[in-house]
>>> print(open('target.txt').read())   # compact mmCIF, C-alpha atoms
# COMPACT_ATOMS: atom_id res chain seq x y z
CA MET A 22 42.18 -19.12 18.17
CA GLY A 23 40.01 -21.88 16.68
CA LYS A 24 36.81 -22.73 18.43
CA LYS A 25 37.67 -20.87 21.64
CA LEU A 26 36.59 -17.51 20.23
CA ALA A 27 32.89 -18.40 20.45
CA GLU A 28 33.13 -20.67 23.50
CA GLU A 29 34.77 -18.08 25.74
CA HIS A 30 32.68 -15.15 24.47
CA ARG A 31 30.54 -13.58 27.19
CA LEU A 32 28.49 -10.60 26.09
CA ILE A 33 27.86 -9.59 29.69
CA ASP A 34 31.58 -8.88 30.20
CA ILE A 35 31.57 -6.10 27.62
CA ILE A 36 28.38 -4.27 28.65
CA SER A 37 28.70 -0.83 30.23
CA THR A 38 26.37 2.05 30.96
CA LYS A 39 27.36 5.66 31.45
CA ASP A 40 25.51 8.96 31.06
CA GLY A 41 22.40 7.20 29.78
CA VAL A 42 24.33 5.36 27.08
CA LEU A 43 24.36 1.58 27.04
CA GLN A 44 27.44 0.16 25.30
CA VAL A 45 28.18 -3.40 24.31
CA GLY A 46 31.84 -3.34 23.36
CA SER A 47 32.12 -0.39 21.02
CA SER A 48 28.46 -0.41 19.93
CA ARG A 49 25.72 1.71 21.40
CA MET A 50 22.66 -0.38 22.24
CA ILE A 51 19.14 0.17 23.50
CA LEU A 52 16.92 -2.28 25.29
CA LEU A 53 13.66 -2.75 23.46
CA SER A 54 11.04 -4.71 25.36
CA ALA A 55 9.30 -7.61 23.65
CA LYS A 56 6.09 -5.62 23.98
CA ALA A 57 7.62 -2.64 22.20
CA TYR A 58 8.78 -4.97 19.41
CA VAL A 59 5.22 -6.27 19.08
CA TYR A 60 3.95 -2.67 18.74
CA LEU A 61 6.66 -1.92 16.19
CA VAL A 62 5.68 -4.84 13.97
CA GLN A 63 1.98 -4.11 14.38
CA SER A 64 2.53 -0.50 13.35
CA VAL A 65 4.58 -1.49 10.31
CA TYR A 66 1.86 -3.95 9.35
CA GLU A 67 -0.88 -1.34 9.71
CA HIS A 68 0.93 1.01 7.36
CA ALA A 69 2.44 -1.47 4.91
CA PRO A 70 1.12 -5.02 5.34
CA HIS A 71 2.61 -6.11 1.99
CA ALA A 72 6.10 -5.06 3.07
CA THR A 73 6.34 -6.24 6.69
CA LYS A 74 8.27 -9.46 6.24
CA PHE A 75 10.59 -7.93 3.65
CA LEU A 76 11.31 -4.96 5.90
CA LEU A 77 12.10 -7.14 8.92
CA TYR A 78 14.38 -9.36 6.83
CA ASN A 79 16.17 -6.36 5.34
CA VAL A 80 16.76 -4.75 8.74
CA GLY A 81 18.14 -8.03 10.11
CA TYR A 82 20.32 -8.49 7.03
CA ARG A 83 21.93 -5.09 7.30
CA ALA A 84 22.45 -5.48 11.04
CA GLY A 85 23.97 -8.93 10.50
CA GLN A 86 26.32 -7.66 7.83
CA GLU A 87 27.39 -4.75 9.99
CA PHE A 88 28.06 -6.94 13.02
CA MET A 89 30.04 -9.54 11.08
CA GLY A 90 32.02 -6.73 9.47
CA SER A 91 32.92 -5.44 12.93
CA ILE A 92 34.30 -8.79 14.13
CA HIS A 93 35.81 -10.04 10.88
CA GLY A 94 39.35 -9.33 12.02
CA MET A 95 39.00 -11.25 15.28
CA ALA A 96 39.77 -14.63 13.76
CA SER A 97 40.75 -16.23 10.49
CA ASP A 98 38.53 -19.29 10.95
CA LYS A 99 35.23 -18.36 9.31
CA ALA A 100 33.29 -21.15 11.00
CA ASP A 101 34.39 -19.77 14.35
CA LEU A 102 33.38 -16.25 13.35
CA MET A 103 29.95 -17.57 12.38
CA ARG A 104 29.65 -19.39 15.72
CA TYR A 105 30.73 -16.21 17.54
CA ALA A 106 28.11 -14.14 15.72
CA VAL A 107 25.36 -16.68 16.44
CA LYS A 108 26.48 -16.87 20.07
CA THR A 109 26.27 -13.08 20.38
CA PHE A 110 22.79 -13.14 18.89
CA GLU A 111 21.84 -15.80 21.42
CA GLN A 112 23.25 -13.93 24.41
CA ALA A 113 21.42 -10.80 23.30
CA GLY A 114 18.15 -12.65 23.86
CA TYR A 115 17.14 -13.49 20.32
CA GLY A 116 16.87 -17.22 20.97
CA ASP A 117 18.77 -20.42 21.70
CA PHE A 118 20.80 -21.47 18.65
CA GLU A 119 23.09 -24.18 17.43
CA LEU A 120 25.22 -24.07 14.32
CA MET A 121 24.50 -27.50 12.81
CA GLU A 122 26.37 -27.32 9.50
CA PHE A 123 28.90 -24.94 8.03
CA ASP A 124 30.30 -25.50 4.54
CA LEU A 125 32.23 -22.63 3.06
CA GLN A 126 32.94 -24.40 -0.25
CA ARG A 127 29.39 -25.22 -1.19
CA PRO A 128 28.43 -22.68 0.43
CA TYR A 129 25.82 -23.81 2.97
CA VAL A 130 24.94 -23.17 6.60
CA ARG A 131 22.25 -24.75 8.76
CA ILE A 132 21.19 -23.33 12.12
CA ARG A 133 18.67 -24.77 14.51
CA GLY A 134 17.00 -22.76 17.25
CA LYS A 135 14.40 -22.64 19.99
CA ASN A 136 12.81 -19.80 21.94
CA LEU A 137 13.25 -17.37 19.07
CA PHE A 138 11.79 -14.02 20.01
CA GLU A 139 9.78 -13.63 16.80
CA ALA A 140 8.19 -17.08 16.97
CA SER A 141 7.35 -16.61 20.63
CA LEU A 142 5.65 -13.26 19.92
CA ALA A 143 3.89 -14.26 16.69
CA GLU A 144 0.51 -14.92 18.25
CA GLU A 145 0.62 -11.73 20.31
CA MET A 146 1.51 -9.68 17.23
CA GLY A 147 -1.68 -10.85 15.56
CA VAL A 148 -0.49 -9.92 12.06
CA TYR A 149 -0.36 -13.41 10.61
CA ARG A 150 -3.51 -14.94 9.15
CA SER A 151 -2.41 -18.53 9.64
CA PRO A 152 0.48 -20.45 11.24
CA ARG A 153 3.66 -19.92 9.25
CA ALA A 154 7.40 -19.28 9.39
CA VAL A 155 7.75 -15.90 11.11
CA ASP A 156 11.39 -15.35 12.05
CA HIS A 157 12.14 -12.80 9.35
CA TYR A 158 14.50 -10.55 11.31
CA SER A 159 16.48 -13.60 12.42
CA ARG A 160 16.61 -14.93 8.85
CA GLY A 161 17.95 -11.60 7.70
CA MET A 162 20.52 -11.51 10.49
CA PHE A 163 21.86 -14.97 9.65
CA ALA A 164 21.96 -14.15 5.94
CA GLY A 165 23.81 -10.93 6.77
CA PHE A 166 26.40 -12.78 8.85
CA PHE A 167 27.17 -15.31 6.13
CA SER A 168 26.98 -12.81 3.25
CA GLN A 169 29.63 -10.68 4.95
CA LEU A 170 31.84 -13.73 5.54
CA LEU A 171 31.56 -14.89 1.95
CA GLY A 172 31.73 -11.51 0.30
CA GLN A 173 28.58 -12.25 -1.74
CA GLU A 174 24.87 -11.97 -1.00
CA VAL A 175 23.26 -15.18 0.19
CA VAL A 176 19.74 -15.81 1.43
CA CYS A 177 18.40 -17.52 4.53
CA GLU A 178 15.22 -19.57 4.50
CA GLU A 179 13.35 -20.81 7.55
CA MET A 180 12.57 -24.42 6.70
CA GLU A 181 10.86 -25.18 10.01
CA CYS A 182 9.27 -22.87 12.55
CA ARG A 183 7.83 -23.32 16.04
CA ALA A 184 5.11 -20.80 15.13
CA ARG A 185 3.97 -23.32 12.52
CA GLY A 186 3.96 -26.24 14.93
CA ASP A 187 7.39 -27.65 14.09
CA ASP A 188 9.67 -28.91 16.88
CA ALA A 189 12.24 -26.18 16.38
CA CYS A 190 13.09 -23.32 14.07
CA GLU A 191 15.55 -24.38 11.39
CA PHE A 192 17.37 -22.11 8.98
CA VAL A 193 19.26 -22.86 5.79
CA ILE A 194 21.58 -20.28 4.25
CA MET A 195 22.58 -20.67 0.60
CA PRO A 196 23.21 -18.53 -2.48
CA PHE A 197 20.19 -17.52 -4.54
CA ALA A 198 19.11 -20.13 -7.08
CA LEU A 199 18.68 -18.22 -10.34
CA GLU A 200 18.93 -21.41 -12.36
CA GLY A 201 17.85 -24.96 -11.73
CA PRO A 202 20.16 -27.55 -10.23
CA ALA A 203 22.65 -29.15 -12.59
CA PRO A 204 21.15 -32.25 -14.25
CA MET B 15 -1.02 -26.55 14.20
CA ALA B 16 -1.35 -26.60 10.39
CA SER B 17 -4.29 -24.56 9.24
CA ASP B 18 -7.10 -25.83 6.99
CA VAL B 19 -7.50 -22.28 5.76
CA ALA B 20 -5.21 -20.97 3.05
CA TYR B 21 -4.48 -17.59 1.55
CA LEU B 22 -3.16 -16.17 -1.70
CA GLY B 23 -0.27 -14.26 -0.14
CA VAL B 24 -1.41 -10.86 -1.46
CA ASP B 25 -2.56 -8.89 1.57
CA GLY B 26 -5.00 -6.59 -0.25
CA LEU B 27 -6.79 -9.64 -1.68
CA ASP B 28 -6.58 -11.87 1.38
CA SER B 29 -8.21 -9.17 3.50
CA ARG B 30 -11.21 -9.32 1.12
CA MET B 31 -11.93 -12.95 1.91
CA PRO B 32 -12.06 -13.14 5.70
CA GLU B 33 -12.77 -16.88 5.75
CA GLY B 34 -9.86 -17.60 3.42
CA LEU B 35 -9.69 -20.45 0.96
CA THR B 36 -10.20 -24.12 1.65
CA ARG B 37 -7.30 -26.35 0.77
CA ASP B 38 -9.20 -28.18 -1.98
CA MET B 39 -10.07 -25.03 -3.92
CA GLN B 40 -9.09 -24.22 -7.49
CA ILE B 41 -8.64 -20.61 -8.49
CA MET B 42 -8.93 -19.19 -11.98
CA LEU B 43 -6.67 -16.19 -12.47
CA HIS B 44 -7.69 -14.37 -15.62
CA GLY B 45 -5.79 -11.35 -16.82
CA ASP B 46 -4.35 -9.20 -19.55
CA THR B 47 -0.88 -9.91 -20.87
CA GLY B 48 1.69 -8.17 -18.70
CA ILE B 49 -0.75 -7.36 -15.90
CA GLY B 50 1.09 -9.29 -13.20
CA LYS B 51 -0.38 -12.80 -13.21
CA THR B 52 3.03 -14.39 -12.82
CA VAL B 53 3.87 -11.97 -9.99
CA LEU B 54 0.69 -13.04 -8.21
CA ALA B 55 1.61 -16.66 -8.89
CA SER B 56 5.02 -16.10 -7.28
CA GLN B 57 3.38 -14.62 -4.18
CA PHE B 58 1.00 -17.57 -4.06
CA LEU B 59 4.00 -19.91 -4.08
CA TYR B 60 5.82 -17.77 -1.47
CA GLU B 61 2.77 -17.96 0.80
CA GLY B 62 2.66 -21.72 0.38
CA LEU B 63 6.32 -22.12 1.30
CA MET B 64 5.86 -19.96 4.41
CA VAL B 65 2.94 -22.06 5.70
CA GLY B 66 4.70 -25.36 5.02
CA ASP B 67 3.09 -26.43 1.74
CA THR B 68 4.83 -28.31 -1.02
CA CYS B 69 4.56 -26.09 -4.08
CA VAL B 70 4.51 -27.15 -7.72
CA TYR B 71 4.99 -24.60 -10.50
CA VAL B 72 4.18 -25.69 -14.04
CA ALA B 73 5.84 -23.21 -16.40
CA CYS B 74 4.05 -23.11 -19.76
CA ASP B 75 4.78 -19.59 -20.98
CA ASP B 76 8.44 -19.24 -20.07
CA LEU B 77 11.34 -21.16 -18.58
CA PRO B 78 11.11 -22.11 -14.89
CA ASN B 79 14.22 -20.01 -14.27
CA ILE B 80 12.11 -16.88 -14.78
CA MET B 81 10.08 -17.86 -11.69
CA ARG B 82 13.29 -18.67 -9.76
CA GLN B 83 14.53 -15.17 -10.57
CA SER B 84 11.20 -13.64 -9.63
CA LEU B 85 11.31 -15.38 -6.24
CA ALA B 86 14.91 -14.23 -5.81
CA SER B 87 13.81 -10.63 -6.38
CA PHE B 88 11.62 -11.06 -3.28
CA ARG B 89 14.68 -12.38 -1.47
CA LEU B 90 13.34 -15.91 -1.43
CA GLY B 91 15.93 -18.63 -1.86
CA SER B 92 14.18 -21.25 -3.97
CA GLY B 93 17.24 -23.52 -3.85
CA ALA B 94 16.71 -24.52 -0.23
CA TYR B 95 13.11 -25.50 -0.90
CA GLU B 96 14.01 -27.39 -4.10
CA GLU B 97 16.64 -29.38 -2.22
CA ALA B 98 14.12 -30.18 0.48
CA GLY B 99 11.59 -31.32 -2.16
CA ARG B 100 9.18 -28.56 -1.12
CA LEU B 101 9.35 -26.61 -4.39
CA ILE B 102 9.03 -28.42 -7.69
CA PHE B 103 9.40 -26.83 -11.10
CA VAL B 104 7.90 -28.45 -14.18
CA ASP B 105 9.18 -27.28 -17.54
CA ALA B 106 6.17 -27.31 -19.88
CA TYR B 107 7.74 -24.62 -22.05
CA SER B 108 10.80 -26.19 -23.64
CA ARG B 109 10.09 -28.39 -26.63
CA VAL B 110 13.45 -29.83 -27.67
CA ARG B 111 15.35 -30.30 -24.42
CA SER B 112 15.25 -29.27 -20.80
CA THR B 113 17.63 -29.31 -17.85
CA GLU B 114 14.76 -29.57 -15.37
CA LYS B 115 14.06 -32.78 -13.48
CA TYR B 116 10.41 -32.58 -14.53
CA TRP B 117 9.80 -31.84 -18.19
CA LEU B 118 6.68 -32.02 -20.32
CA PRO B 119 7.84 -31.63 -23.93
CA ASP B 120 4.33 -31.67 -25.36
CA PRO B 121 1.87 -30.33 -22.77
CA ASN B 122 -0.70 -29.53 -25.48
CA VAL B 123 -1.54 -33.22 -25.54
CA LEU B 124 -3.97 -32.84 -22.71
CA ASP B 125 -4.26 -36.53 -21.87
CA GLU B 126 -0.51 -36.60 -21.27
CA PHE B 127 -0.72 -33.46 -19.15
CA TYR B 128 -3.50 -35.00 -17.06
CA LEU B 129 -1.55 -38.21 -16.49
CA PHE B 130 1.63 -36.29 -15.70
CA GLU B 131 -0.16 -34.11 -13.14
CA LYS B 132 -1.88 -37.14 -11.60
CA LYS B 133 1.38 -39.07 -11.29
CA LEU B 134 3.31 -36.13 -9.84
CA LEU B 135 0.60 -35.28 -7.32
CA GLY B 136 0.32 -38.96 -6.42
CA ARG B 137 4.01 -38.87 -5.40
CA LEU B 138 3.17 -36.00 -3.08
CA ALA B 139 0.28 -37.80 -1.37
CA GLY B 140 0.07 -37.03 2.32
CA ARG B 141 1.48 -33.54 1.92
CA ARG B 142 -0.32 -30.21 1.68
CA VAL B 143 0.19 -29.22 -1.94
CA ARG B 144 -0.18 -25.95 -3.78
CA LEU B 145 -0.13 -26.05 -7.60
CA VAL B 146 0.30 -23.26 -10.12
CA VAL B 147 -0.13 -23.69 -13.88
CA ASP B 148 1.11 -20.61 -15.71
CA SER B 149 -0.71 -20.46 -18.00
CA LEU B 150 -3.32 -23.09 -18.74
CA SER B 151 -4.71 -21.10 -21.68
CA THR B 152 -1.41 -21.73 -23.51
CA LEU B 153 -2.15 -25.46 -23.44
CA PHE B 154 -5.74 -24.98 -24.54
CA ILE B 155 -5.28 -22.90 -27.68
CA GLN B 156 -4.00 -25.89 -29.64
CA ASN B 157 -7.14 -27.86 -28.79
CA ASP B 158 -10.80 -27.74 -29.63
CA PRO B 159 -12.97 -26.11 -26.89
CA SER B 160 -14.99 -29.30 -26.37
CA VAL B 161 -11.71 -31.14 -25.69
CA TYR B 162 -10.19 -28.69 -23.26
CA LEU B 163 -13.43 -28.05 -21.40
CA ALA B 164 -13.92 -31.78 -20.83
CA PHE B 165 -10.23 -32.13 -19.87
CA ASN B 166 -10.45 -29.30 -17.34
CA ALA B 167 -13.70 -30.58 -15.82
CA ASN B 168 -12.04 -33.95 -15.12
CA ARG B 169 -8.88 -32.27 -13.97
CA LEU B 170 -10.67 -30.01 -11.48
CA LYS B 171 -12.50 -33.04 -10.06
CA LEU B 172 -9.18 -34.80 -9.58
CA LEU B 173 -7.56 -31.78 -7.93
CA ARG B 174 -10.53 -31.35 -5.63
CA ARG B 175 -10.44 -35.02 -4.68
CA LEU B 176 -6.72 -34.83 -3.97
CA GLY B 177 -7.17 -31.63 -1.95
CA VAL B 178 -4.72 -29.61 -4.04
CA LEU B 179 -5.01 -25.84 -3.74
CA THR B 180 -4.56 -24.71 -7.34
CA LEU B 181 -3.99 -21.46 -9.17
CA ASP B 182 -4.56 -21.71 -12.92
CA ALA B 183 -3.56 -18.66 -14.94
CA PHE B 184 -5.41 -17.72 -18.13
CA VAL B 185 -4.38 -15.03 -20.55
CA LYS B 186 -7.21 -12.73 -21.59
CA GLY B 187 -8.20 -12.80 -25.22
CA VAL B 188 -6.86 -16.27 -25.94
CA LEU B 189 -10.05 -18.26 -25.48
CA ASP B 190 -13.48 -17.51 -26.93
CA ASP B 191 -16.12 -15.91 -24.69
CA ARG B 192 -18.33 -18.96 -24.47
CA SER B 193 -15.48 -21.23 -23.37
CA LEU B 194 -14.35 -18.60 -20.92
CA ALA B 195 -17.81 -18.42 -19.39
CA SER B 196 -17.86 -22.23 -19.00
CA LEU B 197 -14.47 -22.18 -17.33
CA MET B 198 -15.49 -19.40 -14.96
CA HIS B 199 -18.51 -21.43 -14.01
CA ALA B 200 -16.36 -24.48 -13.26
CA TYR B 201 -13.91 -22.74 -10.91
CA PRO B 202 -15.06 -21.95 -7.35
CA VAL B 203 -12.82 -18.87 -7.20
CA VAL B 204 -12.22 -16.41 -10.04
CA ILE B 205 -9.82 -13.47 -9.92
CA ASN B 206 -9.65 -10.92 -12.69
CA MET B 207 -6.74 -8.60 -13.41
CA GLN B 208 -6.92 -5.97 -16.11
CA PHE B 209 -5.70 -2.64 -17.33
CA GLU B 210 -8.15 0.19 -17.05
CA ASN B 211 -8.11 3.60 -18.70
CA VAL B 212 -8.98 6.25 -16.15
CA GLY B 213 -8.96 9.85 -17.35
CA GLY B 214 -6.30 9.18 -19.94
CA SER B 215 -3.95 7.25 -17.72
CA VAL B 216 -3.76 3.49 -17.54
CA ARG B 217 -3.90 1.69 -14.22
CA ARG B 218 -3.97 -1.93 -13.15
CA ILE B 219 -6.96 -3.30 -11.25
CA ILE B 220 -7.65 -6.59 -9.56
CA GLN B 221 -10.99 -8.04 -8.55
CA LEU B 222 -12.33 -11.10 -6.79
CA LEU B 223 -15.09 -11.95 -9.25
CA LYS B 224 -16.35 -15.10 -7.61
CA MET B 225 -15.87 -17.09 -4.46
CA ARG B 226 -18.22 -20.00 -4.06
CA SER B 227 -19.45 -20.64 -0.52
CA GLY B 228 -17.48 -17.83 0.97
CA GLU B 229 -17.82 -14.26 2.06
CA PHE B 230 -15.84 -11.81 -0.04
CA GLN B 231 -15.68 -8.22 -1.23
CA ALA B 232 -16.11 -7.96 -4.97
CA ALA B 233 -15.28 -4.33 -5.67
CA PRO B 234 -12.26 -3.89 -7.97
CA ILE B 235 -9.19 -2.33 -6.41
CA PRO B 236 -6.19 -0.67 -7.98
CA LEU B 237 -2.89 -2.44 -7.76
CA SER B 238 0.73 -1.62 -8.30
CA ILE B 239 3.71 -3.91 -8.52
CA SER B 240 6.85 -3.39 -6.49
CA PRO B 241 9.97 -5.24 -7.69
CA LYS B 242 10.86 -5.91 -4.03
CA THR B 243 7.53 -6.80 -2.45
CA GLY B 244 5.26 -7.80 -5.32
CA ILE B 245 1.63 -6.82 -5.71
CA ILE B 246 0.34 -3.97 -3.62
CA ALA B 247 -3.45 -4.10 -3.79
CA GLN B 248 -5.03 -1.63 -1.42
CA ALA B 249 -8.19 0.41 -1.70
CA TYR B 250 -8.02 3.68 0.23
>>> encode(input="target.txt", output="structure tokens")
Amino acid sequence: MGKKLAEEHRLIDIISTKDGVLQVGSSRMILLSAKAYVYLVQSVYEHAPHATKFLLYNVGYRAGQEFMGSIHGMASDKADLMRYAVKTFEQAGYGDFELMEFDLQRPYVRIRGKNLFEASLAEEMGVYRSPRAVDHYSRGMFAGFFSQLLGQEVVCEEMECRARGDDACEFVIMPFALEGPAP
Amino acid sequence: MASDVAYLGVDGLDSRMPEGLTRDMQIMLHGDTGIGKTVLASQFLYEGLMVGDTCVYVACDDLPNIMRQSLASFRLGSGAYEEAGRLIFVDAYSRVRSTEKYWLPDPNVLDEFYLFEKKLLGRLAGRRVRLVVDSLSTLFIQNDPSVYLAFNANRLKLLRRLGVLTLDAFVKGVLDDRSLASLMHAYPVVINMQFENVGGSVRRIIQLLKMRSGEFQAAPIPLSISPKTGIIAQAY
């Protein structure tokens, strides 16, 4: 199946609505407006400002794991599965992404994106004191995708962010570093 | 879009200084053993990485891996930042050997520490830098107060000139009161963390004791520490 899995994937072909239920493939979905997402984050911040970014990351992580688990059997090529997952995320309106590097052996993934929903809404949310990396849900999602593929928890860091004035949002996914690099 | 204003990364504290910190400020963090100074230091580093700073952590009281593990508990992948040169660990704890790229085998020789810091920060010229020394009091106890006070005065001048936002941790009870008072006078920002006995039960409190040229709320507030999110400092 190779690279065709992601290239030929069109989310719009598997959307259906019936009896007030919106389905994408076998998954029930809801449409949440950008405004509603802003209110959600603002409310979380009002109640637990210390936990907001961790909560968003965790939600994205679990959702990413769950989604990758649901498509795992579609192909044996893990790079293609990763591209498929990122493509789905893109078509669902989360942003415009490109898988720049994928190294299963190392392991290491780099994703570059523009128009991410979190970065575009950061100013409107008004919960950040200064310009910073803000795409926590997206980070969690990408980490969830790759963790599920690898069978071990990895972490995603946003090395560049449009909300901080960088040209694009760039993500690096790697295992946790509990020890320093080898000398 | 980079901001000239910086924050600690602990929401309950940052909300108490509405104007924030300037990037050339040095902060004295003074606290009881086991109160959470290193947790606060990890959140300070986390904040720096989120806003695009290059962060330097000088580990005097334990191996740098302890901080890596602490950051990992907050689901922060220090490896990516280390590879990008945005997070630098200095091992000032190990005496015989170290696997770290940056190692100070004898940090108690304050002249050597000063030169090391100056050289390292010089390499980072042009970047926004955040520095943590955890803890500076460990380096001082082997020296005479007149020596370490003079050292720190010169050091703070250098850090101010270089525009390095610094968090220096001090363990309570290590230095004499007079030296402590001199140090508190020298730092523009002083944060105190301590255990307090309230009606038979012990609680942690944190307080912004001093903030030169800035508006702040000085009342102490209780804090708790979550293994997943760090310091929760909120007065209700």
>>> closest_atom_pairs(input="target.txt", of="segment 95-128 of chain B", to="segment 138-144 of chain B", cutoff="12 Å", atoms="all atoms listed in the file", output="JSON lines")
{"residue": "B:Gly99", "atom": "CA", "partner": "B:Leu138", "partner_atom": "CA", "distance": 9.7}
{"residue": "B:Arg100", "atom": "CA", "partner": "B:Val143", "partner_atom": "CA", "distance": 9.1}
{"residue": "B:Leu101", "atom": "CA", "partner": "B:Arg144", "partner_atom": "CA", "distance": 9.6}
{"residue": "B:Ile102", "atom": "CA", "partner": "B:Arg144", "partner_atom": "CA", "distance": 10.3}
>>> axis_aligned_box(input="target.txt", around="segment 139-153 of chain B", padding_each_side="4 Å", output="AutoDock Vina command-line options")
--center_x -1.6 --center_y -29.1 --center_z -10.6 --size_x 14.2 --size_y 25.3 --size_z 33.8
>>> residues_near_point(input="target.txt", point="(-6.4, -13.4, -4.0)", cutoff="10 Å", atoms="all atoms listed in the file", output="list of chain:residue names")
B:Tyr21, B:Leu22, B:Gly23, B:Val24, B:Asp25, B:Gly26, B:Leu27, B:Asp28, B:Ser29, B:Arg30, B:Met31, B:Gly34, B:Leu35, B:Ile41, B:Leu43, B:Leu54, B:Ala55, B:Gln57, B:Phe58, B:Leu181, B:Val203, B:Val204, B:Ile205, B:Asn206, B:Ile220, B:Gln221, B:Leu222, B:Ala247
>>> write_last_selection(input="target.txt", atoms="C-alpha atoms", output="PDB file, in the frame of the given file")
ATOM      1  CA  TYR B  21      -4.480 -17.590   1.550  1.00  0.00           C
ATOM      2  CA  LEU B  22      -3.160 -16.170  -1.700  1.00  0.00           C
ATOM      3  CA  GLY B  23      -0.270 -14.260  -0.140  1.00  0.00           C
ATOM      4  CA  VAL B  24      -1.410 -10.860  -1.460  1.00  0.00           C
ATOM      5  CA  ASP B  25      -2.560  -8.890   1.570  1.00  0.00           C
ATOM      6  CA  GLY B  26      -5.000  -6.590  -0.250  1.00  0.00           C
ATOM      7  CA  LEU B  27      -6.790  -9.640  -1.680  1.00  0.00           C
ATOM      8  CA  ASP B  28      -6.580 -11.870   1.380  1.00  0.00           C
ATOM      9  CA  SER B  29      -8.210  -9.170   3.500  1.00  0.00           C
ATOM     10  CA  ARG B  30     -11.210  -9.320   1.120  1.00  0.00           C
ATOM     11  CA  MET B  31     -11.930 -12.950   1.910  1.00  0.00           C
ATOM     12  CA  GLY B  34      -9.860 -17.600   3.420  1.00  0.00           C
ATOM     13  CA  LEU B  35      -9.690 -20.450   0.960  1.00  0.00           C
ATOM     14  CA  ILE B  41      -8.640 -20.610  -8.490  1.00  0.00           C
ATOM     15  CA  LEU B  43      -6.670 -16.190 -12.470  1.00  0.00           C
ATOM     16  CA  LEU B  54       0.690 -13.040  -8.210  1.00  0.00           C
ATOM     17  CA  ALA B  55       1.610 -16.660  -8.890  1.00  0.00           C
ATOM     18  CA  GLN B  57       3.380 -14.620  -4.180  1.00  0.00           C
ATOM     19  CA  PHE B  58       1.000 -17.570  -4.060  1.00  0.00           C
ATOM     20  CA  LEU B 181      -3.990 -21.460  -9.170  1.00  0.00           C
ATOM     21  CA  VAL B 203     -12.820 -18.870  -7.200  1.00  0.00           C
ATOM     22  CA  VAL B 204     -12.220 -16.410 -10.040  1.00  0.00           C
ATOM     23  CA  ILE B 205      -9.820 -13.470  -9.920  1.00  0.00           C
ATOM     24  CA  ASN B 206      -9.650 -10.920 -12.690  1.00  0.00           C
ATOM     25  CA  ILE B 220      -7.650  -6.590  -9.560  1.00  0.00           C
ATOM     26  CA  GLN B 221     -10.990  -8.040  -8.550  1.00  0.00           C
ATOM     27  CA  LEU B 222     -12.330 -11.100  -6.790  1.00  0.00           C
ATOM     28  CA  ALA B 247      -3.450  -4.100  -3.790  1.00  0.00           C
TER      29      ALA B 247
END
>>> interface_residues(input="target.txt", of="chain A", to="chain B", cutoff="7 Å", atoms="all atoms listed in the file", output="list in words")
Pro70, His71, Ala72, Phe75, Ser151, Pro152, Arg153, Ala154, Val176, Cys177, Glu178, Arg185, Gly186, Val193, Phe197, Ala198, Leu199, Glu200, Gly201 and Pro204 of chain A
>>> write_last_selection(input="target.txt", atoms="C-alpha atoms", output="compact mmCIF listing (two decimals), in the coordinates of the input")
# COMPACT_ATOMS: atom_id res chain seq x y z
CA PRO A 70 1.12 -5.02 5.34
CA HIS A 71 2.61 -6.11 1.99
CA ALA A 72 6.10 -5.06 3.07
CA PHE A 75 10.59 -7.93 3.65
CA SER A 151 -2.41 -18.53 9.64
CA PRO A 152 0.48 -20.45 11.24
CA ARG A 153 3.66 -19.92 9.25
CA ALA A 154 7.40 -19.28 9.39
CA VAL A 176 19.74 -15.81 1.43
CA CYS A 177 18.40 -17.52 4.53
CA GLU A 178 15.22 -19.57 4.50
CA ARG A 185 3.97 -23.32 12.52
CA GLY A 186 3.96 -26.24 14.93
CA VAL A 193 19.26 -22.86 5.79
CA PHE A 197 20.19 -17.52 -4.54
CA ALA A 198 19.11 -20.13 -7.08
CA LEU A 199 18.68 -18.22 -10.34
CA GLU A 200 18.93 -21.41 -12.36
CA GLY A 201 17.85 -24.96 -11.73
CA PRO A 204 21.15 -32.25 -14.25
>>> residues_near_point(input="target.txt", point="(13.6, -17.5, 18.3)", cutoff="8 Å", atoms="all atoms listed in the file", output="VMD selection string")
chain A and resid 115 to 117 134 to 141 156 159 190
>>> atom_distance(input="target.txt", atom1="atom CA of Asp40 of chain A", atom2="atom CA of Gln112 of chain A")
23.9 Å
>>> atom_distance(input="target.txt", atom1="atom CA of Pro159 of chain B", atom2="atom CA of Ser193 of chain B")
6.5 Å
>>> atom_distance(input="target.txt", atom1="atom CA of Lys25 of chain A", atom2="atom CA of Glu111 of chain A")
16.6 Å
>>> residues_around(input="target.txt", residues="Met103 of chain A", least_positions_apart="3", cutoff="12 Å", atoms="all atoms listed in the file", output="PyMOL selection string")
chain A and resi 23-24+26-28+85-86+88-90+92-93+95-100+106-110+118-125+130-132+162-171+194
>>> closest_residue(input="target.txt", among="A:Arg133, A:His30, A:Thr73, A:Tyr82", to="Ala189 of chain A", atoms="all atoms listed in the file")
A:Arg133
>>> closest_residue(input="target.txt", among="B:Pro236, B:Met225, B:Thr180, B:His199", to="Val212 of chain B", atoms="all atoms listed in the file")
B:Pro236
>>> closest_residue(input="target.txt", among="B:Ile49, B:Leu129, B:Val178, B:Leu150", to="Thr36 of chain B", atoms="only C-alpha atoms")
B:Val178
>>> residues_around(input="target.txt", residues="Asp75 of chain B", least_positions_apart="5", cutoff="10 Å", atoms="all atoms listed in the file", output="NGL selection string")
:B and (52 or 80 or 105-108 or 147-153)
>>> closest_residue(input="target.txt", among="B:Val110, B:Ala164, B:His44, B:Ser227", to="Leu189 of chain B", atoms="only C-alpha atoms")
B:His44
>>> decode(input="target.txt", residues="segment 29-33 of chain A", atoms="C-alpha atoms", output="short mmCIF file (atom, residue, chain, number, x, y, z; two decimals), in the first residue's frame")
data_model
loop_
_atom_site.label_atom_id
_atom_site.label_comp_id
_atom_site.auth_asym_id
_atom_site.auth_seq_id
_atom_site.Cartn_x
_atom_site.Cartn_y
_atom_site.Cartn_z
CA GLU A 29 -5.58 8.95 -1.44
CA HIS A 30 -7.19 9.49 1.98
CA ARG A 31 -10.13 11.89 1.87
CA LEU A 32 -11.88 12.44 5.17
CA ILE A 33 -14.88 13.97 3.43
#
